[in-house]
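Report on the following structure.
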Amino acid sequence: MNYYSIVVPVYNRPDEVDELLESLTRQTAGNFEVIIVEDGSQRKCKDVCERYADILALSYYDKPNSGPGQSRNYGAERAKGNWIVILDSDVVLPETYMEAVDRGIGDAEAYGGPDAAHPSFTPTQKAISYSMTSFFTTGGIRGGKKKLDKFYPRSYNMIIRADAYKSLGGFRKMRFGEDIDFSYRMVEAGYKTCLLPEAWVWHKRRTDLRKFWRQVYNSGIARINLEMLHPGTMKLVHMLPAVFTVGVVALVLCAVAALACRCPLLAMAALSPIILYSVLILVDSARGSKSLKVGMLSVPAAFTQLMGYGTGFVEAWWKRCVRKEKEFTAYDKNFYK
C-alpha cells in the first residue's frame, strides 16, 4: 500500500494553511502524513497546525528562510512516505484528491494535476486563475488537457516517488523555475512524468495584479534561465507572450503616432487588435464564470499574465543571450510578496 508525505513550504500564510489543512481532514483516503515547513515567516502558522495535530498525522518545522525549493527538500528529508506530494500553501483540496492520486498512480515516477478556481475565490482571484488556465492566454498548457506537449509537473500540485526525488537531490537552489527544472531533470534522468487530470486542486495564486505581475515576470526570466540549463526545452508557446508584448507596445506606439499626426481612424485601426482581443477575453471569461465582473477583471489579468511574462522573457534574453550576463531573478528579495 502506498503512503504519501504531503510537504508544504509556508511563508506568512497562516490563514491559507488553515484552509488547506481543513480540506485535508475531509479526504476520502487517509493514507498520508502532512509536513508543514515554515520558511522563516514573521506570521507563523504553528498555532494553526497545533489545532489539527490530533486530527492529522502532522509535523511542523520552523527554519530560516531559504526559498520554497530548499524548504521542500527540508520536508522531504523528514518524510516517511514512499511518495512525496508537493503542494503550495495557497491550494485547497477537493475531498477526493488523495483518492484520485492513489487510484491514478501507475508506472511513472512523477505526476502532476491541474488547478481551478474555487467558487469562494474573490473576483480578482478568479480572473487570475482564468488568465493562467485559458487557451487564449497560452494557459491551456496548465489547464488539464490531455496533451499539447510532454507534461512537466508544477510545484503547486506535484506527486513524486520518494526514491526518485532523493536520487536527484531534490530541488536545486533556484528562487524561481525550480519546479520546472526538477521536472526536466527527472525526464533527463530517464524517469517518466504524467498528468493526472482527476487529481486537481483549487489554487488561489496571487491575490492582486501587482503580486501577479511579480510572479509572471519572474516566470519569463526563469524561462530563459531554464533554456540555458536545459538546452532545447524552449517551445514556441514559451515565446508567444514575448511576441504578444512586443506587438502590443508596437500597436500602442503606432496609435500614439497616428494621433500626433491627427489621424484618429489610423489610430483606431492600430488599436483594433488589442480591443478585439480584450473583448474575446471578456466574453470567454464571463461566459465560463457566469460573472460579468470576473470577465471584466480577466482583461487586465490576461494582459498582466502575457506582458509580465513577456517583459521578463525579453529582459532575460537580452541580458543572458545577448550580453552574456549571469543568471538572475527579479524581485528576489520579495519572492513571496
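Every chain in the C-alpha cells takes a letter, A first, then B, and so on in the order presented; its residues are numbered from 1, and the ligands are numbered from 1 following the presented order.
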If you run DSSP on this backbone, which residues of stretch 44-213 of chain A come out as helix (DSSP H, G or I), and could you give them as an MDAnalysis selection string?
chainID A and resid 46:51 68:77 97:104 123:133 135:137 139:142 162:167 178:188 209:213
Which neighbours of stretch 273-282 of chain A fall inside 8 Å, counting only C-alpha atoms, when residues of the same chain fewer than 5 positions from it are skipped, and could you give them as a ChimeraX atom specification?
/A:136,248,292,295-299,302
Selected residue of minimal separation from A:Gly177 among A:Gly312, A:Pro231, A:Gly69, A:Pro264, counting only C-alpha atoms
A:Gly69
What's the 7 Å shell around stretch 52-67 of chain A, counting only C-alpha atoms, without same-chain residues fewer than 4 positions away, as a short mmCIF file (atom, residue, chain, number, x, y, z; two decimals) with all heavy atoms, in the first residue's frame?
```
data_model
loop_
_atom_site.label_atom_id
_atom_site.label_comp_id
_atom_site.auth_asym_id
_atom_site.auth_seq_id
_atom_site.Cartn_x
_atom_site.Cartn_y
_atom_site.Cartn_z
N THR A 25 -8.53 17.29 6.21
CA THR A 25 -9.30 16.49 7.19
C THR A 25 -10.50 15.82 6.55
O THR A 25 -11.07 14.89 7.13
CB THR A 25 -9.79 17.36 8.36
OG1 THR A 25 -10.74 18.33 7.88
CG2 THR A 25 -8.62 18.09 9.03
N GLU A 33 0.65 11.53 5.55
CA GLU A 33 1.08 12.43 6.61
C GLU A 33 1.25 13.83 6.01
O GLU A 33 1.35 13.98 4.78
CB GLU A 33 2.42 11.97 7.21
CG GLU A 33 3.58 12.02 6.23
CD GLU A 33 4.94 11.78 6.89
OE1 GLU A 33 5.04 11.90 8.12
OE2 GLU A 33 5.91 11.47 6.14
N VAL A 34 1.29 14.84 6.85
CA VAL A 34 1.43 16.22 6.40
C VAL A 34 2.66 16.83 7.06
O VAL A 34 2.82 16.73 8.29
CB VAL A 34 0.19 17.07 6.74
CG1 VAL A 34 0.34 18.48 6.17
CG2 VAL A 34 -1.08 16.41 6.21
N ILE A 35 3.52 17.44 6.27
CA ILE A 35 4.73 18.09 6.78
C ILE A 35 4.68 19.57 6.38
O ILE A 35 4.77 19.90 5.20
CB ILE A 35 6.00 17.43 6.23
CG1 ILE A 35 6.05 15.95 6.62
CG2 ILE A 35 7.26 18.15 6.73
CD1 ILE A 35 7.18 15.17 5.97
N ILE A 36 4.52 20.44 7.36
CA ILE A 36 4.50 21.88 7.14
C ILE A 36 5.88 22.43 7.47
O ILE A 36 6.40 22.22 8.57
CB ILE A 36 3.44 22.58 8.02
CG1 ILE A 36 2.04 22.01 7.73
CG2 ILE A 36 3.49 24.09 7.82
CD1 ILE A 36 1.52 22.31 6.35
N VAL A 37 6.47 23.16 6.52
CA VAL A 37 7.80 23.74 6.72
C VAL A 37 7.69 25.25 6.69
O VAL A 37 7.45 25.85 5.64
CB VAL A 37 8.80 23.25 5.65
CG1 VAL A 37 10.19 23.83 5.92
CG2 VAL A 37 8.86 21.72 5.61
N GLU A 38 7.82 25.87 7.85
CA GLU A 38 7.76 27.33 7.97
C GLU A 38 9.10 27.90 7.50
O GLU A 38 10.15 27.66 8.10
CB GLU A 38 7.52 27.71 9.43
CG GLU A 38 7.13 29.15 9.64
CD GLU A 38 5.63 29.36 9.56
OE1 GLU A 38 4.90 28.95 10.48
OE2 GLU A 38 5.18 29.96 8.55
N ASP A 39 9.05 28.69 6.43
CA ASP A 39 10.28 29.16 5.79
C ASP A 39 10.65 30.58 6.26
O ASP A 39 10.68 31.53 5.48
CB ASP A 39 10.11 29.13 4.27
CG ASP A 39 11.41 29.39 3.52
OD1 ASP A 39 12.49 29.18 4.09
OD2 ASP A 39 11.34 29.83 2.36
N GLY A 40 10.95 30.70 7.57
CA GLY A 40 11.37 31.99 8.10
C GLY A 40 10.28 33.02 8.16
O GLY A 40 10.54 34.22 8.01
N SER A 71 13.06 24.51 1.12
CA SER A 71 12.12 24.14 2.18
C SER A 71 11.42 22.82 1.86
O SER A 71 11.15 22.01 2.75
CB SER A 71 11.10 25.25 2.40
OG SER A 71 11.74 26.43 2.85
N ARG A 175 15.49 30.37 -7.06
CA ARG A 175 14.38 31.07 -6.44
C ARG A 175 13.11 30.98 -7.28
O ARG A 175 12.01 31.17 -6.79
CB ARG A 175 14.75 32.54 -6.22
CG ARG A 175 15.49 32.83 -4.93
CD ARG A 175 14.61 32.60 -3.72
NE ARG A 175 15.10 33.32 -2.56
CZ ARG A 175 14.52 33.30 -1.37
NH1 ARG A 175 13.45 32.57 -1.18
NH2 ARG A 175 15.01 33.98 -0.37
#
```
In Å, rounded to a single decimal, give me how far atom CA of A:Val252 is from atom CA of A:Ser272.
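Going from atom CA of A:Ser272 over to atom CA of A:Val252 covers 10.3 Å.
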Which parts of stretch 60-257 of chain A does DSSP call strand (DSSP E or B) when run on the backbone here, written out as a ChimeraX atom specification?
/A:60-63,83-87,91-92,110-112,115-116,157-161,193-195,201-203
Write out as a PDB file with N, CA, C and O atoms, in the first residue's frame each polymer residue whose atoms come within 6 Å of A:Ser41, counting only C-alpha atoms; drop sequence neighbours fewer than 3 positions from it.
```
ATOM      1  N   TYR A  11       5.216  30.616   3.906  1.00  0.00           N
ATOM      2  CA  TYR A  11       5.804  31.900   4.272  1.00  0.00           C
ATOM      3  C   TYR A  11       4.692  32.906   4.512  1.00  0.00           C
ATOM      4  O   TYR A  11       4.018  33.344   3.572  1.00  0.00           O
ATOM      5  N   ASN A  12       4.468  33.229   5.796  1.00  0.00           N
ATOM      6  CA  ASN A  12       3.489  34.263   6.181  1.00  0.00           C
ATOM      7  C   ASN A  12       2.083  33.994   5.657  1.00  0.00           C
ATOM      8  O   ASN A  12       1.393  34.912   5.205  1.00  0.00           O
ATOM      9  N   LYS A  44       3.643  33.265  11.755  1.00  0.00           N
ATOM     10  CA  LYS A  44       3.804  31.809  11.730  1.00  0.00           C
ATOM     11  C   LYS A  44       2.459  31.089  11.831  1.00  0.00           C
ATOM     12  O   LYS A  44       1.467  31.653  12.305  1.00  0.00           O
TER      13      LYS A  44
END
```
Could you pull the residues within 8 Å of stretch 195-212 of chain A, counting only C-alpha atoms, minus those fewer than 6 positions along the same chain, as a PyMOL selection string?
chain A and resi 90-94+97-98+100-101+104+111-118+121+124-125+128-129+144-146+151-153+156-157+301+304-305+337
Selected residues written out with N, CA and C atoms, as a compact mmCIF listing (two decimals), in the first residue's frame:
```txt
# COMPACT_ATOMS: atom_id res chain seq x y z
N ASP A 90 -1.15 27.84 -0.82
CA ASP A 90 -2.37 28.54 -1.23
C ASP A 90 -3.31 27.68 -2.04
N VAL A 91 -3.24 26.35 -1.85
CA VAL A 91 -4.19 25.48 -2.52
C VAL A 91 -5.18 24.91 -1.50
N VAL A 92 -6.33 24.52 -2.01
CA VAL A 92 -7.35 23.82 -1.23
C VAL A 92 -7.71 22.58 -2.02
N LEU A 93 -7.88 21.46 -1.31
CA LEU A 93 -8.09 20.18 -1.99
C LEU A 93 -9.55 19.74 -1.96
N PRO A 94 -10.06 19.26 -3.09
CA PRO A 94 -11.38 18.61 -3.05
C PRO A 94 -11.28 17.32 -2.24
N TYR A 97 -9.23 14.29 -3.60
CA TYR A 97 -7.89 14.50 -4.17
C TYR A 97 -6.96 13.31 -3.89
N MET A 98 -6.80 12.94 -2.63
CA MET A 98 -5.86 11.86 -2.30
C MET A 98 -6.34 10.52 -2.87
N ALA A 100 -7.93 10.22 -5.71
CA ALA A 100 -7.60 10.30 -7.14
C ALA A 100 -6.12 10.05 -7.36
N VAL A 101 -5.28 10.58 -6.47
CA VAL A 101 -3.83 10.34 -6.57
C VAL A 101 -3.55 8.85 -6.42
N GLY A 104 -4.73 6.88 -9.37
CA GLY A 104 -4.08 7.18 -10.65
C GLY A 104 -2.62 6.79 -10.74
N TYR A 111 4.02 12.69 -11.11
CA TYR A 111 2.72 13.08 -11.64
C TYR A 111 2.43 14.52 -11.23
N GLY A 112 1.53 15.12 -11.97
CA GLY A 112 1.05 16.45 -11.62
C GLY A 112 -0.39 16.57 -12.02
N GLY A 113 -1.11 17.46 -11.35
CA GLY A 113 -2.51 17.66 -11.66
C GLY A 113 -2.80 19.10 -12.00
N PRO A 114 -3.96 19.37 -12.60
CA PRO A 114 -4.35 20.73 -12.97
C PRO A 114 -4.90 21.49 -11.78
N ASP A 115 -5.29 22.74 -12.02
CA ASP A 115 -5.85 23.57 -10.96
C ASP A 115 -7.07 24.30 -11.48
N ALA A 116 -7.85 24.83 -10.55
CA ALA A 116 -9.09 25.53 -10.90
C ALA A 116 -9.37 26.58 -9.84
N ALA A 117 -10.36 27.44 -10.12
CA ALA A 117 -10.78 28.47 -9.17
C ALA A 117 -11.96 27.96 -8.35
N HIS A 118 -11.91 28.15 -7.06
CA HIS A 118 -12.99 27.77 -6.17
C HIS A 118 -14.08 28.84 -6.19
N PHE A 121 -13.48 32.03 -4.20
CA PHE A 121 -12.40 32.96 -4.52
C PHE A 121 -12.96 34.33 -4.86
N THR A 124 -11.08 38.87 -8.39
CA THR A 124 -9.71 39.04 -8.90
C THR A 124 -8.99 37.70 -8.96
N GLN A 125 -9.14 36.88 -7.92
CA GLN A 125 -8.52 35.56 -7.92
C GLN A 125 -9.07 34.69 -9.05
N ILE A 128 -7.50 35.94 -12.28
CA ILE A 128 -6.10 35.49 -12.40
C ILE A 128 -6.06 34.01 -12.74
N SER A 129 -6.94 33.22 -12.11
CA SER A 129 -7.00 31.80 -12.43
C SER A 129 -7.37 31.59 -13.88
N GLY A 144 -5.17 21.19 -17.72
CA GLY A 144 -5.67 19.85 -17.57
C GLY A 144 -6.01 19.13 -18.85
N LYS A 145 -5.67 19.68 -20.01
CA LYS A 145 -5.93 18.97 -21.26
C LYS A 145 -4.96 17.79 -21.37
N LYS A 146 -5.34 16.79 -22.15
CA LYS A 146 -4.54 15.57 -22.18
C LYS A 146 -3.15 15.79 -22.71
N PHE A 151 4.08 16.39 -20.35
CA PHE A 151 3.65 17.11 -19.16
C PHE A 151 4.78 17.19 -18.13
N TYR A 152 5.00 18.41 -17.64
CA TYR A 152 6.01 18.64 -16.61
C TYR A 152 5.29 19.15 -15.36
N PRO A 153 5.23 18.34 -14.29
CA PRO A 153 4.50 18.75 -13.08
C PRO A 153 5.04 20.04 -12.49
N TYR A 156 2.81 23.44 -7.39
CA TYR A 156 1.55 23.64 -6.66
C TYR A 156 0.78 22.33 -6.53
N ASN A 157 1.18 21.30 -7.33
CA ASN A 157 0.46 20.03 -7.34
C ASN A 157 1.35 18.99 -8.01
N ALA A 301 -6.06 41.04 -16.17
CA ALA A 301 -5.32 39.88 -15.70
C ALA A 301 -4.60 39.18 -16.86
N THR A 304 -1.72 41.30 -17.92
CA THR A 304 -0.67 41.19 -16.91
C THR A 304 0.09 39.88 -17.08
N GLN A 305 -0.66 38.80 -17.28
CA GLN A 305 -0.03 37.49 -17.42
C GLN A 305 0.89 37.44 -18.64
N LYS A 337 6.05 38.06 -1.89
CA LYS A 337 5.14 39.17 -1.67
C LYS A 337 4.25 39.46 -2.86
```
Selection near A:Ser89, 6 Å with only C-alpha atoms, sequence-local residues under 2 positions removed, as a list in words:
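Selected residues are Val8, Val10, Val17 and Val91 of chain A.
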Store the residues of this selection in a file with N, CA and C atoms, as an mmCIF file, in the first residue's frame.
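Output saved as selection37.cif:
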```cif
data_model
loop_
_atom_site.group_PDB
_atom_site.id
_atom_site.type_symbol
_atom_site.label_atom_id
_atom_site.label_comp_id
_atom_site.auth_asym_id
_atom_site.auth_seq_id
_atom_site.Cartn_x
_atom_site.Cartn_y
_atom_site.Cartn_z
ATOM 1 N N VAL A 8 4.565 20.891 2.454
ATOM 2 C CA VAL A 8 4.065 22.229 2.135
ATOM 3 C C VAL A 8 5.007 23.299 2.711
ATOM 4 N N VAL A 10 5.839 27.134 3.657
ATOM 5 C CA VAL A 10 4.934 28.222 4.037
ATOM 6 C C VAL A 10 5.728 29.483 4.368
ATOM 7 N N VAL A 17 -2.931 28.220 5.231
ATOM 8 C CA VAL A 17 -2.582 26.894 5.756
ATOM 9 C C VAL A 17 -3.783 26.293 6.485
ATOM 10 N N VAL A 91 -3.240 26.353 -1.852
ATOM 11 C CA VAL A 91 -4.193 25.476 -2.523
ATOM 12 C C VAL A 91 -5.177 24.912 -1.502
#
```
Residues near A:Ala189, anyone? I mean within 9 Å using only C-alpha atoms, not counting same-chain ones fewer than 4 positions away, as a list in words.
Leu168, Tyr184 and Arg185 of chain A
Please, could you write that set of residues out with N, CA and C atoms as a short mmCIF file (atom, residue, chain, number, x, y, z; two decimals), in the first residue's frame?
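Once everything was written out, this is result.cif:
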```
data_model
loop_
_atom_site.label_atom_id
_atom_site.label_comp_id
_atom_site.auth_asym_id
_atom_site.auth_seq_id
_atom_site.Cartn_x
_atom_site.Cartn_y
_atom_site.Cartn_z
N LEU A 168 17.72 12.46 -7.23
CA LEU A 168 18.06 13.70 -7.92
C LEU A 168 18.53 14.79 -6.96
N TYR A 184 12.30 18.72 -15.55
CA TYR A 184 13.24 18.47 -16.66
C TYR A 184 14.31 17.47 -16.26
N ARG A 185 14.85 17.64 -15.06
CA ARG A 185 15.91 16.73 -14.59
C ARG A 185 15.39 15.31 -14.44
#
```
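Note that atom CA of A:Gly308 and atom CA of A:Ser219 are 8.6 Å apart.
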Quick one: of A:Thr28, A:Thr122, A:Ser134, A:Cys49, who's nearest to A:Thr96, counting only C-alpha atoms?
A:Thr28
Considering only C-alpha atoms, can you say which of A:Ser23, A:Ile86, A:Ala250, A:Pro68 comes closest to A:Phe176?
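For A:Phe176, the nearest of the given residues is A:Pro68.
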One decimal, Å: what's the distance from atom CA of A:Val187 over to atom CA of A:Tyr309, could you say?
24.8 Å
